[in-house]
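Step one of this worksheet: look at the structure below.
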Amino acid sequence: MADDYKALIKGMMGKKRFIHSCNVADMCVRLAEIFGEDREKAYIAGILHDCRKEADADTQKREMMSAGYYIDPAELASKSTWHGIAAAYYVRHELGIEDRDICDAIRYHTVAHAAMTKLEKIVYLADLVSAERDYPDVEKYRAYALKDLDDGMYRALKWSIGNLSADDKKIPVCTVEAFNYYMDKRKKKGD
Ligand SMILES: [Fe+2]
Ligand SMILES: [Fe+2]
């Protein structure tokens, strides 16, 4: 099954994004092994997370609006976030994947939310620290993720919100709620 999805996405995207998707899936499996999540679910969510990124904008929008999720105005305003919601629609309705956790992990991989499931955190963080990522400090963020998923989320959200605000981009409410949630969780752990 997992190999079928790998072959499927190969025909849906360019080489660079295919390599990224494979690396995210591999990182998802690595995190699943460390933190006790189902390896196959992690692989499937990882390999499919960007499967609609290269669909045209109209298709992404149509699938997004049919997905049955609440969509924040900041997401509607930012085309780069549409593919996650469109992909959640696609995997459920076109591929027949009924597993809610897999669909939600794909839906929230760009924006996060408070109190995420283990699989959701794994996909969000794997996307950020997959093997081909080469932004400054990626090794630092990779180490945070491999050590503690909640601390990894806190660090990643802080970084992401900083980047969004620096670029005058709107921040979805669920992303702010995620930051508040993981900041509180970190403080509680430190007490
Ligand atoms: Fe993505
Ligand atoms: Fe991605």
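Chain identifiers are assigned as A, B, and so on, following the order in which chains appear in the structure tokens; residues are numbered from 1 within each chain, and ligands are numbered from 1 in order of appearance.
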| Which chains and residue numbers are within 8 Å of ligand 1, counting only C-alpha atoms and all ligand atoms, if I want them as a ChimeraX atom specification? | /A:49-50,53,80-81,83-84,109-110,127
Since we have the selection now, will you write its residues out, keeping C-alpha atoms, as an mmCIF file, in the first residue's frame?
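Contents of again_3.cif, freshly written:
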```cif
data_model
loop_
_atom_site.group_PDB
_atom_site.id
_atom_site.type_symbol
_atom_site.label_atom_id
_atom_site.label_comp_id
_atom_site.auth_asym_id
_atom_site.auth_seq_id
_atom_site.Cartn_x
_atom_site.Cartn_y
_atom_site.Cartn_z
ATOM 1 C CA HIS A 49 1.176 15.312 2.712
ATOM 2 C CA ASP A 50 2.068 17.450 -0.335
ATOM 3 C CA LYS A 53 0.732 21.054 -3.951
ATOM 4 C CA SER A 80 0.427 28.298 -0.066
ATOM 5 C CA THR A 81 -1.681 26.726 2.698
ATOM 6 C CA HIS A 83 -2.698 22.252 -0.585
ATOM 7 C CA GLY A 84 -2.821 20.726 2.905
ATOM 8 C CA HIS A 109 0.730 20.102 8.261
ATOM 9 C CA THR A 110 1.070 23.763 7.232
ATOM 10 C CA ASP A 127 8.002 18.410 6.975
#
```
| task | Tell me, as an MDAnalysis selection string, which residues lie within 12 Å of Ala57 of chain A, counting only C-alpha atoms; anything in the same chain fewer than 6 positions away does not count. | result | chainID A and resid 63:64 76 78:83 86
List all protein, DNA and RNA residues that have any atom at most 10 Å from ligand 2, counting only C-alpha atoms and all ligand atoms, and write the list as a tab-separated table (two decimals) with C-alpha atoms, in the first residue's frame.
```
chain	number	residue	atom	x	y	z
A	17	ARG	CA	8.95	17.74	-4.43
A	18	PHE	CA	8.96	13.96	-4.87
A	20	HIS	CA	10.99	16.05	-0.36
A	21	SER	CA	7.91	13.84	0.07
A	22	CYS	CA	10.04	10.67	0.31
A	23	ASN	CA	12.31	12.34	2.86
A	24	VAL	CA	9.34	13.55	4.91
A	25	ALA	CA	7.90	10.01	4.89
A	46	GLY	CA	4.24	11.71	5.17
A	47	ILE	CA	4.37	10.47	1.59
A	48	LEU	CA	0.96	12.03	0.78
A	49	HIS	CA	1.18	15.31	2.71
A	50	ASP	CA	2.07	17.45	-0.33
A	51	CYS	CA	0.17	15.42	-2.95
A	53	LYS	CA	0.73	21.05	-3.95
A	83	HIS	CA	-2.70	22.25	-0.58
A	84	GLY	CA	-2.82	20.73	2.91
A	106	ILE	CA	-2.20	16.13	6.31
A	109	HIS	CA	0.73	20.10	8.26
A	110	THR	CA	1.07	23.76	7.23
A	123	VAL	CA	4.05	15.07	10.12
A	124	TYR	CA	4.30	18.78	10.96
A	125	LEU	CA	7.85	18.41	12.28
A	126	ALA	CA	9.03	15.91	9.66
A	127	ASP	CA	8.00	18.41	6.97
A	128	LEU	CA	10.18	21.03	8.61
A	129	VAL	CA	13.30	18.95	9.25
A	130	SER	CA	13.35	16.37	6.41
```
| task | Excluding Arg155 of chain A and any residue of its chain fewer than 4 positions from it, enumerate the residues within 10 Å of it, using only C-alpha atoms, and give them as a ChimeraX atom specification. | result | /A:140-141,144-145,149-151,159-160,179,182-183
Set out as CSV a contact list for segment 55-144 of chain A and segment 161-177 of chain A with a cut-off of 8 Å, giving each residue of segment 55-144 of chain A that qualifies its closest atom pair and distance in Å to one decimal, counting only C-alpha atoms, ordered by chain and rising residue number.
```
residue,atom,partner,partner_atom,distance
A:Asp72,CA,A:Pro172,CA,5.9
A:Pro73,CA,A:Pro172,CA,7.2
A:Ala74,CA,A:Pro172,CA,5.0
A:Glu75,CA,A:Pro172,CA,6.3
A:Ala77,CA,A:Lys170,CA,7.9
A:Val111,CA,A:Thr175,CA,5.4
A:Ala112,CA,A:Thr175,CA,5.5
A:His113,CA,A:Cys174,CA,4.7
A:Ala114,CA,A:Glu177,CA,5.5
```
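Atom CA of Lys16 of chain A sits 22.0 Å away from atom CA of Tyr108 of chain A.
Closest approach to Tyr5 of chain A among A:His93, A:Tyr43, A:Asp58, A:Gly152: A:Tyr43, based on only C-alpha atoms.
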